[in-house]
>>> print(open('my_file16.pdb').read())   # PDB, C-alpha atoms and all ligand atoms
ATOM      1  CA  LEU A 838      96.243 126.066  88.772
ATOM      2  CA  LYS A 839      94.800 128.482  86.205
ATOM      3  CA  TYR A 840      97.630 127.543  83.858
ATOM      4  CA  ILE A 841      96.979 123.833  84.419
ATOM      5  CA  ALA A 842      93.263 124.395  83.805
ATOM      6  CA  ARG A 843      94.208 125.985  80.484
ATOM      7  CA  ILE A 844      96.585 123.288  79.255
ATOM      8  CA  ALA A 845      94.780 120.189  80.588
ATOM      9  CA  LYS A 846      91.892 118.449  78.937
ATOM     10  CA  GLU A 847      89.520 116.200  80.780
ATOM     11  CA  GLU A 848      88.702 112.719  79.554
ATOM     12  CA  MET A 849      86.590 109.835  80.797
ATOM     13  CA  PHE A 850      87.618 106.174  80.557
ATOM     14  CA  SER A 851      85.032 103.483  81.275
ATOM     15  CA  LYS A 852      85.816 100.523  83.504
ATOM     16  CA  GLY A 853      88.031  98.046  81.597
ATOM     17  CA  CYS A 854      89.193 100.618  79.066
ATOM     18  CA  LYS A 855      92.908 100.640  78.240
ATOM     19  CA  ILE A 856      94.465 104.106  78.397
ATOM     20  CA  PHE A 857      97.791 103.171  76.850
ATOM     21  CA  SER A 858      99.902 100.081  76.262
ATOM     22  CA  GLU A 859     103.355  99.182  77.458
ATOM     23  CA  SER A 860     106.002  99.964  74.790
ATOM     24  CA  SER A 861     103.832 102.507  72.970
ATOM     25  CA  SER A 862     105.233 106.019  72.560
ATOM     26  CA  GLY A 863     104.375 108.463  75.311
ATOM     27  CA  GLU A 864     102.858 111.778  74.352
ATOM     28  CA  SER A 865     100.895 112.774  77.453
ATOM     29  CA  PHE A 866     100.912 113.048  81.208
ATOM     30  CA  TYR A 867      97.828 111.996  83.229
ATOM     31  CA  LEU A 868      96.307 113.025  86.555
ATOM     32  CA  THR A 869      93.409 111.030  87.957
ATOM     33  CA  ILE A 870      90.394 112.984  89.161
ATOM     34  CA  SER A 871      88.149 110.079  90.104
ATOM     35  CA  GLY A 872      88.086 106.309  89.701
ATOM     36  CA  ARG A 873      91.005 103.917  89.765
ATOM     37  CA  ILE A 874      93.805 102.976  87.378
ATOM     38  CA  LYS A 875      95.778  99.758  87.201
ATOM     39  CA  ILE A 876      99.413  99.987  86.078
ATOM     40  CA  TYR A 877     100.677  96.621  84.856
ATOM     41  CA  THR A 878     103.251  94.875  82.772
ATOM     42  CA  CYS A 879     103.078  91.620  80.795
ATOM     43  CA  SER A 880     105.746  88.943  80.407
ATOM     44  CA  PRO A 881     106.535  87.606  76.909
ATOM     45  CA  SER A 882     104.522  84.490  77.860
ATOM     46  CA  GLY A 883     101.466  86.655  78.579
ATOM     47  CA  LYS A 884     101.536  86.679  82.393
ATOM     48  CA  THR A 885     100.454  89.945  84.002
ATOM     49  CA  LYS A 886     102.095  91.656  86.970
ATOM     50  CA  THR A 887     100.223  94.555  88.519
ATOM     51  CA  LEU A 888     102.696  97.254  89.556
ATOM     52  CA  ALA A 889     100.297  99.654  91.227
ATOM     53  CA  TYR A 890      96.739 100.833  91.632
ATOM     54  CA  LEU A 891      96.387 104.590  91.345
ATOM     55  CA  ASP A 892      93.635 106.599  93.036
ATOM     56  CA  PRO A 893      92.224 110.116  92.636
ATOM     57  CA  HIS A 894      94.998 112.758  92.684
ATOM     58  CA  ASP A 895      97.670 110.263  91.619
ATOM     59  CA  PHE A 896      99.552 110.831  88.382
ATOM     60  CA  PHE A 897     100.989 108.552  85.704
ATOM     61  CA  GLY A 898     102.624 108.628  82.288
ATOM     62  CA  GLU A 899     105.512 110.880  83.334
ATOM     63  CA  MET A 900     108.378 108.432  82.752
ATOM     64  CA  ALA A 901     108.187 108.259  78.960
ATOM     65  CA  LEU A 902     108.011 112.065  78.857
ATOM     66  CA  PHE A 903     111.134 112.442  80.982
ATOM     67  CA  ASP A 904     113.408 109.838  79.433
ATOM     68  CA  GLN A 905     111.949 109.870  75.890
ATOM     69  CA  GLU A 906     111.631 106.087  75.968
ATOM     70  CA  SER A 907     108.476 104.076  75.349
ATOM     71  CA  ARG A 908     105.798 103.499  78.023
ATOM     72  CA  SER A 909     107.273 101.351  80.820
ATOM     73  CA  ALA A 910     103.891  99.740  81.591
ATOM     74  CA  SER A 911     100.248  99.656  80.506
ATOM     75  CA  ALA A 912      97.481 101.674  82.146
ATOM     76  CA  GLU A 913      93.846 100.554  82.387
ATOM     77  CA  ALA A 914      90.792 101.989  84.116
ATOM     78  CA  VAL A 915      89.515  99.449  86.685
ATOM     79  CA  GLU A 916      86.569 101.707  87.494
ATOM     80  CA  ASP A 917      84.932 104.452  85.468
ATOM     81  CA  THR A 918      87.708 107.013  85.676
ATOM     82  CA  ARG A 919      88.086 110.706  84.918
ATOM     83  CA  VAL A 920      91.545 112.046  84.162
ATOM     84  CA  LEU A 921      93.237 115.279  83.222
ATOM     85  CA  ILE A 922      95.608 114.946  80.278
ATOM     86  CA  ILE A 923      98.502 117.307  79.588
ATOM     87  CA  ASN A 924     100.530 116.976  76.415
ATOM     88  CA  LYS A 925     104.285 116.456  76.495
ATOM     89  CA  LYS A 926     105.320 120.003  75.524
ATOM     90  CA  ASP A 927     102.984 121.678  78.030
ATOM     91  CA  PHE A 928     104.069 119.247  80.741
ATOM     92  CA  GLN A 929     107.736 120.077  80.157
ATOM     93  CA  LYS A 930     106.985 123.821  80.143
ATOM     94  CA  LEU A 931     105.005 123.474  83.371
ATOM     95  CA  LEU A 932     107.933 121.838  85.163
ATOM     96  CA  LEU A 933     110.522 124.276  83.780
ATOM     97  CA  LYS A 934     108.450 127.253  84.914
ATOM     98  CA  ASN A 935     107.707 125.904  88.421
ATOM     99  CA  PRO A 936     110.766 124.654  90.342
ATOM    100  CA  GLY A 937     108.631 124.094  93.466
ATOM    101  CA  LEU A 938     106.269 121.859  91.549
ATOM    102  CA  THR A 939     109.205 120.035  89.966
ATOM    103  CA  LEU A 940     110.687 119.303  93.399
ATOM    104  CA  GLN A 941     107.335 117.993  94.670
ATOM    105  CA  PHE A 942     107.123 115.887  91.603
ATOM    106  CA  LEU A 943     110.618 114.455  92.138
ATOM    107  CA  LYS A 944     109.626 113.636  95.703
ATOM    108  CA  ALA A 945     106.624 111.646  94.468
ATOM    109  CA  VAL A 946     108.763 109.795  91.908
ATOM    110  CA  CYS A 947     111.334 108.960  94.652
ATOM    111  CA  GLN A 948     108.529 107.585  96.831
ATOM    112  CA  ARG A 949     107.470 105.336  93.966
ATOM    113  CA  LEU A 950     111.046 104.134  93.564
ATOM    114  CA  ARG A 951     111.192 103.330  97.291
ATOM    115  CA  GLN A 952     107.938 101.428  96.940
ATOM    116  CA  ALA A 953     109.306  99.533  93.934
ATOM    117  CA  ASP A 954     112.490  98.674  95.910
ATOM    118  CA  LYS A 955     110.328  97.290  98.714
ATOM    119  CA  GLU A 956     108.433  95.233  96.176
ATOM    120  CA  ILE A 957     111.713  93.805  94.807
ATOM    121  CA  GLN A 958     112.672  92.932  98.379
ATOM    122  CA  SER A 959     109.327  91.247  98.938
ATOM    123  CA  LEU A 960     109.490  89.264  95.682
ATOM    124  CA  THR A 961     113.069  88.221  96.448
ATOM    125  CA  PHE A 962     112.802  87.278 100.093
ATOM    126  CA  GLN A 963     109.165  86.558 100.926
ATOM    127  CA  ASN A 964     107.118  83.491 100.082
ATOM    128  CA  VAL A 965     103.733  83.898  98.396
ATOM    129  CA  PHE A 966     101.822  83.578 101.663
ATOM    130  CA  SER A 967     103.806  86.443 103.231
ATOM    131  CA  ARG A 968     103.458  88.552 100.088
ATOM    132  CA  ILE A 969      99.678  88.245 100.101
ATOM    133  CA  ALA A 970      99.515  88.923 103.845
ATOM    134  CA  HIS A 971     101.707  91.984 103.302
ATOM    135  CA  ILE A 972      99.526  93.265 100.436
ATOM    136  CA  LEU A 973      96.404  92.898 102.596
ATOM    137  CA  LEU A 974      98.024  94.952 105.377
ATOM    138  CA  LYS A 975      99.043  97.663 102.904
ATOM    139  CA  MET A 976      95.535  97.751 101.440
ATOM    140  CA  ALA A 977      94.037  97.996 104.930
ATOM    141  CA  ASP A 978      96.330 100.986 105.556
ATOM    142  CA  LYS A 979      95.195 102.689 102.376
ATOM    143  CA  TYR A 980      91.561 101.670 102.024
ATOM    144  CA  GLY A 981      90.765 100.434 105.553
ATOM    145  CA  GLN A 982      87.448 101.138 107.216
ATOM    146  CA  PRO A 983      87.029 100.182 110.905
ATOM    147  CA  GLN A 984      84.250  97.673 111.581
ATOM    148  CA  PRO A 985      83.187  95.941 114.819
ATOM    149  CA  SER A 986      84.924  92.771 113.565
ATOM    150  CA  GLY A 987      88.122  94.411 112.285
ATOM    151  CA  ILE A 988      89.377  96.553 109.396
ATOM    152  CA  LYS A 989      87.455  96.227 106.161
ATOM    153  CA  ILE A 990      89.394  96.743 102.894
ATOM    154  CA  ASN A 991      86.847  98.958 101.251
ATOM    155  CA  ILE A 992      87.603  98.344  97.581
ATOM    156  CA  ASP A 993      86.486  95.652  95.166
ATOM    157  CA  ILE A 994      89.482  93.418  94.665
ATOM    158  CA  THR A 995      89.126  90.014  93.045
ATOM    159  CA  HIS A 996      91.328  87.011  93.816
ATOM    160  CA  HIS A 997      92.678  87.380  90.297
ATOM    161  CA  GLU A 998      93.718  91.003  90.949
ATOM    162  CA  LEU A 999      95.278  90.058  94.274
ATOM    163  CA  ALA A1000      97.247  87.313  92.520
ATOM    164  CA  GLN A1001      98.503  89.732  89.863
ATOM    165  CA  LEU A1002      99.688  92.102  92.596
ATOM    166  CA  ALA A1003     101.509  89.299  94.409
ATOM    167  CA  GLY A1004     102.944  87.810  91.215
ATOM    168  CA  THR A1005     101.232  84.445  91.609
ATOM    169  CA  ALA A1006      98.381  82.365  90.169
ATOM    170  CA  ARG A1007      94.730  83.054  91.035
ATOM    171  CA  GLU A1008      94.320  79.554  92.518
ATOM    172  CA  MET A1009      97.201  80.209  94.910
ATOM    173  CA  ALA A1010      95.708  83.541  96.042
ATOM    174  CA  THR A1011      92.370  81.802  96.700
ATOM    175  CA  ARG A1012      94.081  79.040  98.702
ATOM    176  CA  ILE A1013      95.963  81.572 100.827
ATOM    177  CA  LEU A1014      92.828  83.624 101.526
ATOM    178  CA  LYS A1015      91.068  80.425 102.590
ATOM    179  CA  ARG A1016      93.931  79.598 104.951
ATOM    180  CA  LEU A1017      93.888  83.125 106.422
ATOM    181  CA  LYS A1018      90.155  82.751 106.933
ATOM    182  CA  ASN A1019      90.484  79.324 108.585
ATOM    183  CA  ILE A1020      93.018  80.596 111.115
ATOM    184  CA  GLY A1021      90.839  83.598 112.034
ATOM    185  CA  CYS A1022      92.882  86.348 110.349
ATOM    186  CA  ILE A1023      90.278  87.488 107.831
ATOM    187  CA  GLN A1024      86.564  87.314 107.060
ATOM    188  CA  ILE A1025      84.904  87.763 103.680
ATOM    189  CA  GLY A1026      81.775  89.956 103.675
ATOM    190  CA  SER A1027      78.749  87.801 102.869
ATOM    191  CA  THR A1028      77.002  90.545 100.881
ATOM    192  CA  ASP A1029      79.810  92.699  99.444
ATOM    193  CA  ASN A1030      82.593  90.067  99.265
ATOM    194  CA  LYS A1031      85.030  92.559 100.776
ATOM    195  CA  ILE A1032      87.923  91.356 102.930
ATOM    196  CA  VAL A1033      87.912  92.232 106.640
ATOM    197  CA  LEU A1034      91.183  91.839 108.559
ATOM    198  CA  THR A1035      90.072  90.428 111.901
ATOM    199  CA  ASN A1036      93.475  89.859 113.509
ATOM    200  CA  ILE A1037      96.122  92.249 112.226
ATOM    201  CA  ASP A1038      98.730  91.278 114.858
ATOM    202  CA  LYS A1039      98.473  87.627 113.881
ATOM    203  CA  ILE A1040      98.801  88.512 110.185
ATOM    204  CA  LYS A1041     101.959  90.527 110.992
ATOM    205  CA  ASP A1042     103.396  87.560 112.913
ATOM    206  CA  LEU A1043     102.813  85.288 109.930
ATOM    207  CA  ILE A1044     104.930  87.402 107.575
ATOM    208  CA  HIS A1045     108.416  85.958 107.104
ATOM    209  CA  TYR A1046     111.395  87.513 105.342
TER     210      TYR A1046
HETATM  211  P1  LIG B1101     105.259 105.759  81.629
HETATM  212  O1  LIG B1101     106.453 104.851  81.518
HETATM  213  O2  LIG B1101     105.244 106.942  80.762
HETATM  214  O3  LIG B1101     103.945 104.884  81.375
HETATM  215  C1  LIG B1101     103.595 103.901  82.349
HETATM  216  C2  LIG B1101     103.452 104.614  83.655
HETATM  217  O4  LIG B1101     103.144 103.795  84.765
HETATM  218  C3  LIG B1101     104.808 105.234  84.065
HETATM  219  O5  LIG B1101     105.122 106.260  83.154
HETATM  220  C4  LIG B1101     104.513 105.618  85.482
HETATM  221  O6  LIG B1101     103.742 106.792  85.533
HETATM  222  C5  LIG B1101     103.616 104.454  85.919
HETATM  223  N1  LIG B1101     104.402 103.445  86.674
HETATM  224  C6  LIG B1101     105.353 102.613  86.203
HETATM  225  N2  LIG B1101     105.836 101.840  87.183
HETATM  226  C7  LIG B1101     105.166 102.179  88.306
HETATM  227  C8  LIG B1101     105.192 101.736  89.665
HETATM  228  N3  LIG B1101     106.020 100.760  90.054
HETATM  229  N4  LIG B1101     104.373 102.339  90.547
HETATM  230  C9  LIG B1101     103.506 103.307  90.161
HETATM  231  N5  LIG B1101     103.431 103.770  88.889
HETATM  232  C10 LIG B1101     104.248 103.218  87.983
END
>>> encode(input="my_file16.pdb", output="structure tokens")
Amino acid sequence: LKYIARIAKEEMFSKGCKIFSESSSGESFYLTISGRIKIYTCSPSGKTKTLAYLDPHDFFGEMALFDQESRSASAEAVEDTRVLIINKKDFQKLLLKNPGLTLQFLKAVCQRLRQADKEIQSLTFQNVFSRIAHILLKMADKYGQPQPSGIKINIDITHHELAQLAGTAREMATRILKRLKNIGCIQIGSTDNKIVLTNIDKIKDLIHY
């Protein structure tokens, strides 16, 4: 940790600030301390697909350092975010000197690959309704806060962001949320606009593969 403290520099990115762009060259590795990062990719026609949201203690920017290719995706702060940045040479030295850390790191990368495989499965076999229902369940797992009426997803997520996660249009995400609300599966907080899952079993039943 002392070594990391020596080689890492801390930086702050304000909400909406781009940290790096897809296809740029990768010179650094990043660890989030606070805030939230969106990892996303754009199609040639300008459509955006969100690949992941990263929280405090998550890392990003390792792929371009490992395979010497360009950045596989863009990274943007969706909240005011503090990160630790380690340059490429120091990052490589750190891994070479610490086999235990390298193994932990490989484990985390494998978990991301598993997650990405699941996402391919979802995009291939599930319809948009099921994908959105699935995303809401995953978010409730990660950010859920029990309430008398159900499980509140305690992060600010817009319909637009939900659509970009599901790989669909914002209008479609809004329509699906409305349908989930009408059939008693979710409620939208009147003051904070946050989504509360009011019938998780029913949502699970509605997911088709
Ligand atoms: P890099 O390719 O250097 O720059 C973009 C970063 O986004 C990449 O390294 C990973 O750290 C991260 N990333 C890419 N794809 C995913 C994903 N599917 N899930 C989580 N993080 C990802």
>>> atom_distance(input="my_file16.pdb", atom1="CA of Leu932 (chain A)", atom2="CA of Asp895 (chain A)")
16.8 Å
>>> residues_near_ligand(input="my_file16.pdb", ligand="ligand LIG 1101 (chain B)", cutoff="9 Å", atoms="only C-alpha atoms and all ligand atoms", output="VMD selection string")
chain A and resid 857 to 867 875 to 878 887 to 891 896 to 912 946 949 to 950 952 to 954 956
>>> residues_around(input="my_file16.pdb", residues="Leu1002 (chain A)", least_positions_apart="3", cutoff="12 Å", atoms="all atoms listed in the file", output="CSV table (one decimal) with C-alpha atoms, keeping the file's coordinate frame")
chain,number,residue,atom,x,y,z
A,875,LYS,CA,95.8,99.8,87.2
A,876,ILE,CA,99.4,100.0,86.1
A,877,TYR,CA,100.7,96.6,84.9
A,878,THR,CA,103.3,94.9,82.8
A,884,LYS,CA,101.5,86.7,82.4
A,885,THR,CA,100.5,89.9,84.0
A,886,LYS,CA,102.1,91.7,87.0
A,887,THR,CA,100.2,94.6,88.5
A,888,LEU,CA,102.7,97.3,89.6
A,889,ALA,CA,100.3,99.7,91.2
A,890,TYR,CA,96.7,100.8,91.6
A,956,GLU,CA,108.4,95.2,96.2
A,959,SER,CA,109.3,91.2,98.9
A,960,LEU,CA,109.5,89.3,95.7
A,965,VAL,CA,103.7,83.9,98.4
A,968,ARG,CA,103.5,88.6,100.1
A,969,ILE,CA,99.7,88.2,100.1
A,970,ALA,CA,99.5,88.9,103.8
A,971,HIS,CA,101.7,92.0,103.3
A,972,ILE,CA,99.5,93.3,100.4
A,973,LEU,CA,96.4,92.9,102.6
A,975,LYS,CA,99.0,97.7,102.9
A,976,MET,CA,95.5,97.8,101.4
A,994,ILE,CA,89.5,93.4,94.7
A,995,THR,CA,89.1,90.0,93.0
A,996,HIS,CA,91.3,87.0,93.8
A,997,HIS,CA,92.7,87.4,90.3
A,998,GLU,CA,93.7,91.0,90.9
A,999,LEU,CA,95.3,90.1,94.3
A,1005,THR,CA,101.2,84.4,91.6
A,1006,ALA,CA,98.4,82.4,90.2
A,1007,ARG,CA,94.7,83.1,91.0
A,1010,ALA,CA,95.7,83.5,96.0
>>> atom_distance(input="my_file16.pdb", atom1="CA of Glu847 (chain A)", atom2="CA of Thr939 (chain A)")
22.1 Å
>>> resolve_selection(input="my_file16.pdb", expression="the PyMOL selection byres (((chain A and resi 846) around 7) and not hetatm)", output="list of chain:residue names")
A:Ile844, A:Ala845, A:Glu847, A:Glu848, A:Leu921, A:Ile922, A:Ile923
>>> axis_aligned_box(input="my_file16.pdb", around="region 890-896 of chain A", padding_each_side="4 Å", output="JSON")
{"center_x": 95.9, "center_y": 106.8, "center_z": 90.7, "size_x": 15.3, "size_y": 19.9, "size_z": 12.7}
>>> atom_distance(input="my_file16.pdb", atom1="CA of Lys852 (chain A)", atom2="CA of Thr1011 (chain A)")
23.8 Å
>>> residues_around(input="my_file16.pdb", residues="Thr918 (chain A)", least_positions_apart="6", cutoff="6 Å", atoms="all atoms listed in the file", output="list in words")
Met849, Phe850, Ser871 and Gly872 of chain A
>>> write_last_selection(input="my_file16.pdb", atoms="C-alpha atoms", output="PDB file, in the frame of the given file")
ATOM      1  CA  MET A 849      86.590 109.835  80.797  1.00  0.00           C
ATOM      2  CA  PHE A 850      87.618 106.174  80.557  1.00  0.00           C
ATOM      3  CA  SER A 871      88.149 110.079  90.104  1.00  0.00           C
ATOM      4  CA  GLY A 872      88.086 106.309  89.701  1.00  0.00           C
TER       5      GLY A 872
END
>>> closest_residue(input="my_file16.pdb", among="A:Ser967, A:Thr1028, A:Gln1001, A:Thr1035", to="Gln984 (chain A)", atoms="all atoms listed in the file")
A:Thr1035
>>> residues_near_point(input="my_file16.pdb", point="(98.5, 123.2, 90.2)", cutoff="12 Å", atoms="all atoms listed in the file", output="MDAnalysis selection string")
chainID A and resid 838:845 868 894 921 928 931:932 934:935 937:939 941:942
>>> write_last_selection(input="my_file16.pdb", atoms="C-alpha atoms", output="mmCIF file, in the frame of the given file")
data_model
loop_
_atom_site.group_PDB
_atom_site.id
_atom_site.type_symbol
_atom_site.label_atom_id
_atom_site.label_comp_id
_atom_site.auth_asym_id
_atom_site.auth_seq_id
_atom_site.Cartn_x
_atom_site.Cartn_y
_atom_site.Cartn_z
ATOM 1 C CA LEU A 838 96.243 126.066 88.772
ATOM 2 C CA LYS A 839 94.800 128.482 86.205
ATOM 3 C CA TYR A 840 97.630 127.543 83.858
ATOM 4 C CA ILE A 841 96.979 123.833 84.419
ATOM 5 C CA ALA A 842 93.263 124.395 83.805
ATOM 6 C CA ARG A 843 94.208 125.985 80.484
ATOM 7 C CA ILE A 844 96.585 123.288 79.255
ATOM 8 C CA ALA A 845 94.780 120.189 80.588
ATOM 9 C CA LEU A 868 96.307 113.025 86.555
ATOM 10 C CA HIS A 894 94.998 112.758 92.684
ATOM 11 C CA LEU A 921 93.237 115.279 83.222
ATOM 12 C CA PHE A 928 104.069 119.247 80.741
ATOM 13 C CA LEU A 931 105.005 123.474 83.371
ATOM 14 C CA LEU A 932 107.933 121.838 85.163
ATOM 15 C CA LYS A 934 108.450 127.253 84.914
ATOM 16 C CA ASN A 935 107.707 125.904 88.421
ATOM 17 C CA GLY A 937 108.631 124.094 93.466
ATOM 18 C CA LEU A 938 106.269 121.859 91.549
ATOM 19 C CA THR A 939 109.205 120.035 89.966
ATOM 20 C CA GLN A 941 107.335 117.993 94.670
ATOM 21 C CA PHE A 942 107.123 115.887 91.603
#
>>> residues_around(input="my_file16.pdb", residues="Ile1032 (chain A)", least_positions_apart="6", cutoff="10 Å", atoms="all atoms listed in the file", output="ChimeraX atom specification")
/A:973,977,981,987-994,1014,1018,1023-1026
>>> closest_residue(input="my_file16.pdb", among="A:Ala914, A:Leu1034, A:Ile856, A:Val920", to="Ile870 (chain A)", atoms="all atoms listed in the file")
A:Val920
>>> residues_around(input="my_file16.pdb", residues="Gly853 (chain A)", least_positions_apart="6", cutoff="9 Å", atoms="all atoms listed in the file", output="ChimeraX atom specification")
/A:913-917
>>> closest_residue(input="my_file16.pdb", among="A:Ser851, A:Asp1042, A:Thr869, A:Val1033", to="Tyr980 (chain A)", atoms="all atoms listed in the file")
A:Val1033
>>> decode(input="my_file16.pdb", residues="region 915-941 of chain A", atoms="N, CA and C atoms", output="CSV table (one decimal), in the first residue's frame")
chain,number,residue,atom,x,y,z
A,915,VAL,N,-19.9,10.1,-13.9
A,915,VAL,CA,-21.3,10.5,-13.9
A,915,VAL,C,-21.7,11.2,-12.6
A,916,GLU,N,-20.7,11.2,-11.7
A,916,GLU,CA,-20.9,12.0,-10.4
A,916,GLU,C,-19.5,12.6,-10.2
A,917,ASP,N,-19.4,13.6,-9.4
A,917,ASP,CA,-18.0,14.1,-9.0
A,917,ASP,C,-17.3,12.9,-8.5
A,918,THR,N,-16.1,12.7,-9.1
A,918,THR,CA,-15.4,11.4,-8.9
A,918,THR,C,-13.9,11.6,-8.6
A,919,ARG,N,-13.4,11.0,-7.5
A,919,ARG,CA,-12.0,11.0,-7.2
A,919,ARG,C,-11.4,9.7,-7.6
A,920,VAL,N,-10.2,9.7,-8.3
A,920,VAL,CA,-9.6,8.5,-8.7
A,920,VAL,C,-8.1,8.5,-8.3
A,921,LEU,N,-7.5,7.3,-8.3
A,921,LEU,CA,-6.1,7.2,-8.2
A,921,LEU,C,-5.6,6.8,-9.6
A,922,ILE,N,-4.5,7.5,-10.0
A,922,ILE,CA,-4.0,7.1,-11.4
A,922,ILE,C,-2.6,6.6,-11.2
A,923,ILE,N,-2.3,5.5,-11.9
A,923,ILE,CA,-1.0,4.9,-11.9
A,923,ILE,C,-0.5,4.8,-13.3
A,924,ASN,N,0.7,5.3,-13.6
A,924,ASN,CA,1.1,5.2,-15.0
A,924,ASN,C,1.5,3.8,-15.4
A,925,LYS,N,1.6,3.6,-16.7
A,925,LYS,CA,1.7,2.3,-17.3
A,925,LYS,C,2.9,1.5,-16.8
A,926,LYS,N,4.1,2.2,-16.7
A,926,LYS,CA,5.3,1.5,-16.3
A,926,LYS,C,5.2,1.0,-14.8
A,927,ASP,N,4.7,1.9,-14.0
A,927,ASP,CA,4.5,1.6,-12.5
A,927,ASP,C,3.5,0.5,-12.3
A,928,PHE,N,2.5,0.5,-13.1
A,928,PHE,CA,1.4,-0.5,-13.0
A,928,PHE,C,2.0,-1.9,-13.4
A,929,GLN,N,2.8,-1.9,-14.5
A,929,GLN,CA,3.4,-3.2,-14.8
A,929,GLN,C,4.4,-3.7,-13.8
A,930,LYS,N,5.2,-2.7,-13.2
A,930,LYS,CA,6.1,-3.1,-12.2
A,930,LYS,C,5.4,-3.7,-11.0
A,931,LEU,N,4.3,-3.0,-10.6
A,931,LEU,CA,3.5,-3.4,-9.4
A,931,LEU,C,3.0,-4.8,-9.6
A,932,LEU,N,2.5,-5.2,-10.8
A,932,LEU,CA,2.0,-6.5,-11.0
A,932,LEU,C,3.1,-7.6,-11.0
A,933,LEU,N,4.3,-7.2,-11.6
A,933,LEU,CA,5.4,-8.1,-11.7
A,933,LEU,C,6.0,-8.4,-10.3
A,934,LYS,N,5.9,-7.4,-9.4
A,934,LYS,CA,6.5,-7.6,-8.1
A,934,LYS,C,5.5,-8.3,-7.1
A,935,ASN,N,4.2,-8.4,-7.4
A,935,ASN,CA,3.2,-8.9,-6.5
A,935,ASN,C,2.4,-9.9,-7.1
A,936,PRO,N,2.8,-11.2,-7.2
A,936,PRO,CA,2.0,-12.3,-7.8
A,936,PRO,C,0.6,-12.4,-7.2
A,937,GLY,N,0.5,-12.2,-5.9
A,937,GLY,CA,-0.8,-12.3,-5.2
A,937,GLY,C,-1.7,-11.3,-5.7
A,938,LEU,N,-1.2,-10.1,-5.9
A,938,LEU,CA,-2.1,-9.0,-6.4
A,938,LEU,C,-2.5,-9.3,-7.9
A,939,THR,N,-1.5,-9.8,-8.6
A,939,THR,CA,-1.8,-10.1,-10.0
A,939,THR,C,-2.9,-11.2,-10.1
A,940,LEU,N,-2.8,-12.2,-9.3
A,940,LEU,CA,-3.9,-13.2,-9.3
A,940,LEU,C,-5.2,-12.6,-8.9
A,941,GLN,N,-5.3,-11.8,-7.9
A,941,GLN,CA,-6.5,-11.1,-7.5
A,941,GLN,C,-7.1,-10.3,-8.7
